[in-house]
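J.: If it helps, the file is called query-v8.tsv and holds TSV, C-alpha atoms and all ligand atoms:
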chain	number	residue	atom	x	y	z
A	1	ASP	CA	-6.71	1.48	15.77
A	2	ALA	CA	-4.74	4.49	16.96
A	3	LEU	CA	-1.59	2.60	15.93
A	4	ILE	CA	-2.65	2.65	12.30
A	5	PHE	CA	-1.35	5.59	10.39
A	6	LEU	CA	-3.44	6.62	7.39
A	7	PRO	CA	-1.11	8.35	4.95
A	8	LYS	CA	-2.01	11.60	3.27
A	9	LEU	CA	-1.22	11.79	-0.41
A	10	ILE	CA	0.63	14.86	-1.64
A	11	PHE	CA	0.06	14.70	-5.39
A	12	THR	CA	1.47	17.39	-7.66
A	13	GLY	CA	1.11	19.99	-4.93
A	14	LYS	CA	-2.42	19.03	-3.80
A	15	GLU	CA	-3.23	17.07	-0.67
A	16	LEU	CA	-5.73	14.38	-1.49
A	17	ILE	CA	-7.56	12.12	0.93
A	18	GLY	CA	-10.70	10.01	0.58
A	19	GLU	CA	-10.97	8.30	-2.79
A	20	ASN	CA	-7.18	8.20	-3.21
A	21	VAL	CA	-6.43	6.60	0.15
A	22	GLU	CA	-7.97	3.38	1.37
A	23	ARG	CA	-7.56	1.18	4.42
A	24	ILE	CA	-8.54	-2.46	4.32
A	25	THR	CA	-8.62	-4.84	7.26
A	26	ARG	CA	-8.14	-8.60	7.01
A	27	ARG	CA	-9.53	-10.70	9.82
A	28	MET	CA	-8.88	-14.35	10.64
A	29	GLY	CA	-12.15	-15.26	8.94
A	30	ASP	CA	-10.72	-13.89	5.65
A	31	LEU	CA	-7.67	-16.16	5.91
A	32	ARG	CA	-9.32	-19.58	5.82
A	33	ASP	CA	-7.12	-20.84	2.94
A	34	VAL	CA	-3.86	-19.59	4.44
A	35	PHE	CA	-3.08	-21.85	7.40
A	36	GLU	CA	-2.40	-25.58	7.40
A	37	ASP	CA	-3.64	-26.43	10.91
A	38	LYS	CA	-7.43	-26.33	10.40
A	39	ALA	CA	-8.18	-27.45	14.00
A	40	ALA	CA	-6.10	-24.56	15.41
A	41	PHE	CA	-7.77	-22.20	12.94
A	42	GLU	CA	-11.33	-23.23	13.86
A	43	VAL	CA	-10.89	-22.33	17.56
A	44	MET	CA	-9.72	-18.79	16.70
A	45	ASP	CA	-12.05	-15.78	16.71
A	46	PRO	CA	-12.88	-15.09	13.02
A	47	ASN	CA	-13.19	-11.38	13.90
A	48	LEU	CA	-9.63	-11.16	15.20
A	49	ILE	CA	-7.70	-8.63	13.11
A	50	ALA	CA	-4.70	-10.15	11.30
A	51	TYR	CA	-3.59	-7.11	9.31
A	52	HIS	CA	-4.45	-3.69	7.94
A	53	VAL	CA	-3.23	-2.23	4.65
A	54	SER	CA	-3.33	1.55	4.10
A	55	SER	CA	-2.88	2.19	0.37
A	56	ILE	CA	-2.42	5.27	-1.72
A	57	PHE	CA	-3.66	5.44	-5.32
A	58	PRO	CA	-2.43	8.57	-7.13
A	59	VAL	CA	-3.86	7.23	-10.42
A	60	LYS	CA	-6.65	4.81	-11.39
A	61	GLU	CA	-6.02	1.06	-10.97
A	62	GLY	CA	-4.75	-0.29	-14.29
A	63	THR	CA	-3.04	2.92	-15.44
A	64	PRO	CA	0.24	2.03	-17.18
A	65	GLY	CA	3.31	3.82	-15.82
A	66	GLY	CA	1.94	4.87	-12.42
A	67	LEU	CA	2.88	3.63	-8.94
A	68	PHE	CA	0.91	2.69	-5.85
A	69	MET	CA	2.16	2.55	-2.30
A	70	GLY	CA	0.81	0.74	0.73
A	71	ILE	CA	1.70	0.19	4.36
A	72	THR	CA	0.86	-3.16	5.93
A	73	TYR	CA	0.46	-3.61	9.70
A	74	LEU	CA	0.64	-7.34	10.46
A	75	MET	CA	-0.23	-8.48	13.98
A	76	PRO	CA	1.91	-10.98	15.91
A	77	GLY	CA	0.46	-14.41	16.55
A	78	LYS	CA	0.35	-18.00	15.37
A	79	VAL	CA	-2.13	-20.56	14.09
A	80	GLY	CA	-0.67	-23.85	15.28
A	81	ASP	CA	3.04	-23.52	14.47
A	82	GLU	CA	2.55	-21.06	11.58
A	83	TYR	CA	2.97	-17.32	12.10
A	84	PHE	CA	0.27	-14.81	11.17
A	85	MET	CA	0.86	-13.95	7.52
A	86	THR	CA	-0.62	-12.14	4.55
A	87	LYS	CA	-2.68	-13.99	1.93
A	88	GLY	CA	0.06	-13.68	-0.67
A	89	HIS	CA	-0.36	-13.27	-4.41
A	90	PHE	CA	1.14	-13.13	-7.87
A	91	HIS	CA	0.42	-9.92	-9.75
A	92	SER	CA	-2.31	-10.26	-12.40
A	93	ASN	CA	0.14	-8.82	-14.91
A	94	ILE	CA	2.60	-11.40	-13.74
A	95	ASP	CA	5.78	-9.65	-14.91
A	96	ARG	CA	5.19	-6.59	-12.67
A	97	ALA	CA	7.78	-6.11	-9.91
A	98	GLU	CA	7.47	-4.55	-6.44
A	99	PHE	CA	9.56	-3.09	-3.61
A	100	TYR	CA	8.90	-4.03	0.02
A	101	TRP	CA	10.75	-2.43	2.92
A	102	GLY	CA	10.73	-3.13	6.63
A	103	VAL	CA	9.64	-0.32	8.98
A	104	GLU	CA	9.19	-1.92	12.40
A	105	GLY	CA	9.16	-5.42	13.84
A	106	GLU	CA	10.55	-8.70	12.55
A	107	GLY	CA	9.27	-10.62	9.56
A	108	MET	CA	10.05	-13.06	6.82
A	109	LEU	CA	9.21	-12.31	3.20
A	110	ILE	CA	8.31	-15.62	1.55
A	111	LEU	CA	8.81	-15.76	-2.20
A	112	MET	CA	7.88	-18.35	-4.85
A	113	ASN	CA	8.55	-18.41	-8.59
A	114	GLU	CA	6.28	-19.99	-11.19
A	115	ALA	CA	8.31	-23.22	-11.02
A	116	ARG	CA	7.23	-23.28	-7.31
A	117	ASP	CA	10.74	-22.83	-5.85
A	118	VAL	CA	10.33	-21.11	-2.46
A	119	TRP	CA	12.79	-19.01	-0.49
A	120	ALA	CA	12.59	-16.33	2.21
A	121	GLU	CA	14.24	-13.05	3.20
A	122	ARG	CA	14.46	-11.63	6.70
A	123	MET	CA	12.57	-8.33	7.15
A	124	TYR	CA	13.63	-5.81	9.79
A	125	PRO	CA	13.53	-2.01	10.16
A	126	GLY	CA	15.37	-0.66	7.12
A	127	SER	CA	15.49	-3.91	5.11
A	128	LEU	CA	14.74	-3.39	1.41
A	129	HIS	CA	13.40	-6.15	-0.85
A	130	TYR	CA	13.12	-6.12	-4.62
A	131	ILE	CA	10.49	-8.62	-5.74
A	132	PRO	CA	11.00	-9.25	-9.47
A	133	GLY	CA	8.08	-9.99	-11.80
A	134	GLY	CA	6.78	-13.56	-11.78
A	135	ILE	CA	7.36	-14.04	-8.06
A	136	ALA	CA	4.51	-14.65	-5.59
A	137	HIS	CA	5.01	-12.85	-2.29
A	138	ARG	CA	3.69	-13.23	1.27
A	139	VAL	CA	4.92	-11.92	4.63
A	140	ALA	CA	4.92	-13.63	8.04
A	141	ASN	CA	5.32	-11.80	11.36
A	142	VAL	CA	7.96	-13.84	13.23
A	143	GLY	CA	8.29	-11.43	16.18
A	144	ASN	CA	6.22	-10.59	19.26
A	145	SER	CA	5.18	-7.10	18.16
A	146	ILE	CA	3.38	-5.56	15.20
A	147	LEU	CA	5.26	-5.87	11.89
A	148	THR	CA	5.02	-2.77	9.73
A	149	PHE	CA	6.30	-2.79	6.17
A	150	ALA	CA	5.77	-0.58	3.16
A	151	ALA	CA	5.36	-1.58	-0.47
A	152	SER	CA	5.35	0.11	-3.85
A	153	TRP	CA	4.02	-1.56	-6.99
A	154	PRO	CA	3.02	-0.54	-10.52
A	155	SER	CA	-0.54	0.77	-10.93
A	156	ASP	CA	-1.14	-1.81	-13.69
A	157	ALA	CA	0.09	-4.82	-11.65
A	158	GLY	CA	-3.24	-6.04	-10.23
A	159	HIS	CA	-3.53	-8.86	-7.69
A	160	ASN	CA	-4.10	-12.53	-8.47
A	161	TYR	CA	-4.99	-14.28	-5.20
A	162	GLY	CA	-6.56	-17.35	-6.83
A	163	ILE	CA	-3.46	-19.48	-7.48
A	164	ILE	CA	-2.15	-19.06	-3.93
A	165	ALA	CA	-5.61	-19.61	-2.39
A	166	ARG	CA	-5.91	-22.89	-4.32
A	167	GLU	CA	-2.36	-24.23	-4.33
A	168	GLY	CA	-0.60	-22.32	-1.55
A	169	PHE	CA	3.18	-21.93	-1.43
A	170	ALA	CA	5.24	-25.08	-1.98
A	171	ARG	CA	6.89	-24.66	1.46
A	172	ARG	CA	5.47	-23.39	4.75
A	173	LEU	CA	7.20	-21.16	7.29
A	174	LYS	CA	6.84	-22.77	10.71
A	175	GLU	CA	8.22	-22.16	14.17
A	176	VAL	CA	10.61	-25.03	14.96
A	177	ASN	CA	12.38	-24.94	18.36
A	178	GLY	CA	11.48	-21.26	18.67
A	179	LYS	CA	12.88	-20.29	15.26
A	180	PRO	CA	11.29	-19.76	11.82
A	181	GLU	CA	12.05	-22.54	9.32
A	182	LEU	CA	10.80	-23.18	5.76
A	183	ILE	CA	9.42	-26.71	5.54
A	201	LIG	C1	1.10	-5.47	-0.71
A	201	LIG	C2	0.08	-6.49	-0.16
A	201	LIG	C3	-0.20	-6.36	1.32
A	201	LIG	C4	-1.20	-7.41	1.84
A	201	LIG	O1	0.61	-4.17	-0.62
A	201	LIG	O2	-1.11	-6.36	-0.92
A	201	LIG	O3	0.99	-6.52	2.05
A	201	LIG	O4	-0.92	-8.69	1.36
A	201	LIG	P1	-1.99	-9.48	0.48
A	201	LIG	O5	-2.43	-8.52	-0.61
A	201	LIG	O6	-1.23	-10.65	-0.07
A	201	LIG	O7	-3.12	-9.84	1.37
A	201	LIG	C5	1.40	-5.89	-2.16
A	201	LIG	O8	2.09	-6.87	-2.37
A	201	LIG	N1	0.87	-5.21	-3.15
A	201	LIG	O9	1.08	-5.59	-4.45
A	202	ZN	ZN	2.19	-7.42	-4.56
Hey, can you dump this file as structure tokens for me?
Ligand code: PAN
Ligand code: ZN

T.:
Amino acid sequence: DALIFLPKLIFTGKELIGENVERITRRMGDLRDVFEDKAAFEVMDPNLIAYHVSSIFPVKEGTPGGLFMGITYLMPGKVGDEYFMTKGHFHSNIDRAEFYWGVEGEGMLILMNEARDVWAERMYPGSLHYIPGGIAHRVANVGNSILTFAASWPSDAGHNYGIIAREGFARRLKEVNGKPELI
């Protein structure tokens, strides 16, 4: 827990904490739909932490024109031959874009358009990723240490997890001969 930095929001000269800053934790038990290997998943501790997200909300969710920012801390590990990864989502307002940038560790940003074409970008400290509107996004930790990345998205983007929970991504990132490969 000490590893997890909770940002402090400096907003027009005032320092705000509490209702404007939130930390959520996702455990293995929250990621039932994510992994393909159900047998490997079932033997894992459902309380094991997969990731934390510390988010900053300078304005109310849904406000047009504002921005949010969040820092995700994704643990290393695998379920079968798939790396620990985020749930992944389209934005509810599907045309809303987002920036992701790598802070520490090694990851792969997995992207899918509405036609279900899938591709991936390597994440590393200093990597910057522009995710256009209409693109579902998910991150896998392909290293042996915590993967930290930051994100900024419009305050009226919203999150649509349903499509990905039901249909997944059209390709899966797996470890093949010790290396990540989209299959
Ligand atoms: C990110 C993600 C964060 C966790 O802040 O919400 O990395 O991933 P899931 O939300 O898919 O579980 C973002 O994309 N915000 O829009
Ligand atoms: Zn997003």

J.: A:Ile164, A:Ala151, A:Ala39, A:Ile183: which is nearest Trp101 (chain A), counting only C-alpha atoms?

T.: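 Of A:Ile164, A:Ala151, A:Ala39, A:Ile183, the one nearest Trp101 (chain A), counting only C-alpha atoms, is A:Ala151.
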
J.: Set the distance at 9 Å and use all atoms listed in the file: which residues neighbour region 42-45 of chain A once local chain neighbours fewer than 2 positions away are removed? I'd like the list as number ranges by chain.

T.: A: 27-29, 37-40, 47-48, 79

J.: Please report, as a tab-separated table, each residue of chain A lying at most 6 Å from ligand LIG 201 (chain A), together with the nearest pair of atoms and the separation in Å rounded to one decimal; use all atoms listed in the file, and order rows by chain and ascending residue number.

T.:
residue	atom	partner	partner_atom	distance
A:Gly70	CA	A:LIG201	O1	5.1
A:Thr72	CA	A:LIG201	O3	5.1
A:Thr86	CA	A:LIG201	O7	4.7
A:Lys87	CA	A:LIG201	O6	4.2
A:Gly88	CA	A:LIG201	O6	3.3
A:His89	CA	A:LIG201	O6	5.1
A:Arg138	CA	A:LIG201	O6	5.7
A:Ala151	CA	A:LIG201	O1	5.4
A:Trp153	CA	A:LIG201	O9	5.6

J.: Return the single residue from A:Lys78, A:His129, A:His91, A:Arg96 that is closest to Val142 (chain A), with distances computed using only C-alpha atoms.

T.: A:Lys78

J.: Quick one: residues within 12 Å of ligand ZN 202 (chain A), with all atoms listed in the file, as number ranges by chain?

T.: A: 53, 55, 67-72, 86-100, 109-111, 129-139, 150-161

J.: Mind pulling up the distance from CA of Ala120 (chain A) to CA of Gly80 (chain A)?

T.: 20.1 Å

J.: What is the distance between CA of Pro58 (chain A) and CA of Val21 (chain A), in Å to one decimal?

T.: 8.5 Å

J.: So how far away is CA of Glu106 (chain A) from CA of Gly143 (chain A), in Å?

T.: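 CA of Gly143 (chain A) sits 5.1 Å away from CA of Glu106 (chain A).
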
J.: Near Pro76 (chain A), counting all atoms listed in the file, which residues have an atom at most 7 Å away, once you skip same-chain residues fewer than 4 positions from it, shown as a PyMOL selection string?

T.: chain A and resi 84+141+143-146

J.: Counting all atoms listed in the file, figure out which residue out of A:Met85, A:Met112, A:Leu147, A:Ala140 gets nearest to Glu167 (chain A).

T.: A:Met112

J.: Of the candidates A:Pro46, A:Gly107, A:Gly66, A:Gly102, which shows the shortest atom-to-atom distance to Leu128 (chain A), using only C-alpha atoms?

T.: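 Under the stated criterion, the closest residue is A:Gly102.
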
J.: Please rebuild region 54-76 of chain A with N, CA, C and O atoms and give the result as a PDB file, in the frame of the given file.

T.:
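The resulting file, selection.pdb, is reproduced below:
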ATOM      1  N   SER A  54      -2.961   0.194   4.515  1.00  0.00           N
ATOM      2  CA  SER A  54      -3.330   1.550   4.100  1.00  0.00           C
ATOM      3  C   SER A  54      -2.654   1.808   2.764  1.00  0.00           C
ATOM      4  O   SER A  54      -1.429   1.754   2.668  1.00  0.00           O
ATOM      5  N   SER A  55      -3.436   2.050   1.723  1.00  0.00           N
ATOM      6  CA  SER A  55      -2.880   2.190   0.370  1.00  0.00           C
ATOM      7  C   SER A  55      -3.188   3.556  -0.208  1.00  0.00           C
ATOM      8  O   SER A  55      -4.184   4.180   0.146  1.00  0.00           O
ATOM      9  N   ILE A  56      -2.330   3.961  -1.099  1.00  0.00           N
ATOM     10  CA  ILE A  56      -2.420   5.270  -1.720  1.00  0.00           C
ATOM     11  C   ILE A  56      -2.452   5.064  -3.234  1.00  0.00           C
ATOM     12  O   ILE A  56      -1.582   4.407  -3.791  1.00  0.00           O
ATOM     13  N   PHE A  57      -3.455   5.633  -3.880  1.00  0.00           N
ATOM     14  CA  PHE A  57      -3.660   5.440  -5.320  1.00  0.00           C
ATOM     15  C   PHE A  57      -3.660   6.795  -6.034  1.00  0.00           C
ATOM     16  O   PHE A  57      -4.714   7.401  -6.209  1.00  0.00           O
ATOM     17  N   PRO A  58      -2.472   7.258  -6.450  1.00  0.00           N
ATOM     18  CA  PRO A  58      -2.430   8.570  -7.130  1.00  0.00           C
ATOM     19  C   PRO A  58      -3.120   8.547  -8.487  1.00  0.00           C
ATOM     20  O   PRO A  58      -3.545   9.585  -8.970  1.00  0.00           O
ATOM     21  N   VAL A  59      -3.214   7.361  -9.112  1.00  0.00           N
ATOM     22  CA  VAL A  59      -3.860   7.230 -10.420  1.00  0.00           C
ATOM     23  C   VAL A  59      -4.848   6.063 -10.345  1.00  0.00           C
ATOM     24  O   VAL A  59      -4.850   5.319  -9.365  1.00  0.00           O
ATOM     25  N   LYS A  60      -5.663   5.909 -11.373  1.00  0.00           N
ATOM     26  CA  LYS A  60      -6.650   4.810 -11.390  1.00  0.00           C
ATOM     27  C   LYS A  60      -5.956   3.461 -11.517  1.00  0.00           C
ATOM     28  O   LYS A  60      -4.973   3.332 -12.245  1.00  0.00           O
ATOM     29  N   GLU A  61      -6.489   2.449 -10.842  1.00  0.00           N
ATOM     30  CA  GLU A  61      -6.020   1.060 -10.970  1.00  0.00           C
ATOM     31  C   GLU A  61      -5.982   0.697 -12.453  1.00  0.00           C
ATOM     32  O   GLU A  61      -6.930   0.979 -13.182  1.00  0.00           O
ATOM     33  N   GLY A  62      -4.873   0.128 -12.886  1.00  0.00           N
ATOM     34  CA  GLY A  62      -4.750  -0.290 -14.290  1.00  0.00           C
ATOM     35  C   GLY A  62      -4.007   0.706 -15.163  1.00  0.00           C
ATOM     36  O   GLY A  62      -3.644   0.385 -16.292  1.00  0.00           O
ATOM     37  N   THR A  63      -3.761   1.922 -14.653  1.00  0.00           N
ATOM     38  CA  THR A  63      -3.040   2.920 -15.440  1.00  0.00           C
ATOM     39  C   THR A  63      -1.610   2.463 -15.685  1.00  0.00           C
ATOM     40  O   THR A  63      -0.899   2.148 -14.730  1.00  0.00           O
ATOM     41  N   PRO A  64      -1.168   2.407 -16.956  1.00  0.00           N
ATOM     42  CA  PRO A  64       0.240   2.030 -17.180  1.00  0.00           C
ATOM     43  C   PRO A  64       1.166   3.161 -16.744  1.00  0.00           C
ATOM     44  O   PRO A  64       0.845   4.338 -16.948  1.00  0.00           O
ATOM     45  N   GLY A  65       2.281   2.814 -16.144  1.00  0.00           N
ATOM     46  CA  GLY A  65       3.310   3.820 -15.820  1.00  0.00           C
ATOM     47  C   GLY A  65       3.196   4.462 -14.458  1.00  0.00           C
ATOM     48  O   GLY A  65       4.128   5.141 -14.044  1.00  0.00           O
ATOM     49  N   GLY A  66       2.079   4.278 -13.751  1.00  0.00           N
ATOM     50  CA  GLY A  66       1.940   4.870 -12.420  1.00  0.00           C
ATOM     51  C   GLY A  66       2.438   3.923 -11.332  1.00  0.00           C
ATOM     52  O   GLY A  66       2.820   2.775 -11.595  1.00  0.00           O
ATOM     53  N   LEU A  67       2.454   4.431 -10.097  1.00  0.00           N
ATOM     54  CA  LEU A  67       2.880   3.630  -8.940  1.00  0.00           C
ATOM     55  C   LEU A  67       1.846   3.744  -7.824  1.00  0.00           C
ATOM     56  O   LEU A  67       1.235   4.800  -7.646  1.00  0.00           O
ATOM     57  N   PHE A  68       1.692   2.678  -7.089  1.00  0.00           N
ATOM     58  CA  PHE A  68       0.910   2.690  -5.850  1.00  0.00           C
ATOM     59  C   PHE A  68       1.856   2.452  -4.680  1.00  0.00           C
ATOM     60  O   PHE A  68       2.984   1.992  -4.856  1.00  0.00           O
ATOM     61  N   MET A  69       1.356   2.769  -3.505  1.00  0.00           N
ATOM     62  CA  MET A  69       2.160   2.550  -2.300  1.00  0.00           C
ATOM     63  C   MET A  69       1.197   2.101  -1.204  1.00  0.00           C
ATOM     64  O   MET A  69       0.046   2.550  -1.172  1.00  0.00           O
ATOM     65  N   GLY A  70       1.665   1.201  -0.356  1.00  0.00           N
ATOM     66  CA  GLY A  70       0.810   0.740   0.730  1.00  0.00           C
ATOM     67  C   GLY A  70       1.655   0.411   1.953  1.00  0.00           C
ATOM     68  O   GLY A  70       2.837   0.062   1.835  1.00  0.00           O
ATOM     69  N   ILE A  71       1.038   0.542   3.105  1.00  0.00           N
ATOM     70  CA  ILE A  71       1.700   0.190   4.360  1.00  0.00           C
ATOM     71  C   ILE A  71       0.879  -0.904   5.015  1.00  0.00           C
ATOM     72  O   ILE A  71      -0.329  -0.754   5.199  1.00  0.00           O
ATOM     73  N   THR A  72       1.550  -2.025   5.309  1.00  0.00           N
ATOM     74  CA  THR A  72       0.860  -3.160   5.930  1.00  0.00           C
ATOM     75  C   THR A  72       1.257  -3.252   7.394  1.00  0.00           C
ATOM     76  O   THR A  72       2.443  -3.119   7.736  1.00  0.00           O
ATOM     77  N   TYR A  73       0.258  -3.457   8.256  1.00  0.00           N
ATOM     78  CA  TYR A  73       0.460  -3.610   9.700  1.00  0.00           C
ATOM     79  C   TYR A  73       0.002  -5.024  10.037  1.00  0.00           C
ATOM     80  O   TYR A  73      -1.201  -5.304  10.053  1.00  0.00           O
ATOM     81  N   LEU A  74       0.961  -5.920  10.253  1.00  0.00           N
ATOM     82  CA  LEU A  74       0.640  -7.340  10.460  1.00  0.00           C
ATOM     83  C   LEU A  74       0.812  -7.680  11.945  1.00  0.00           C
ATOM     84  O   LEU A  74       1.886  -7.460  12.523  1.00  0.00           O
ATOM     85  N   MET A  75      -0.241  -8.204  12.549  1.00  0.00           N
ATOM     86  CA  MET A  75      -0.230  -8.480  13.980  1.00  0.00           C
ATOM     87  C   MET A  75       0.648  -9.703  14.291  1.00  0.00           C
ATOM     88  O   MET A  75       0.833 -10.569  13.443  1.00  0.00           O
ATOM     89  N   PRO A  76       1.176  -9.772  15.511  1.00  0.00           N
ATOM     90  CA  PRO A  76       1.910 -10.980  15.910  1.00  0.00           C
ATOM     91  C   PRO A  76       0.916 -12.069  16.303  1.00  0.00           C
ATOM     92  O   PRO A  76      -0.188 -11.769  16.737  1.00  0.00           O
TER      93      PRO A  76
END
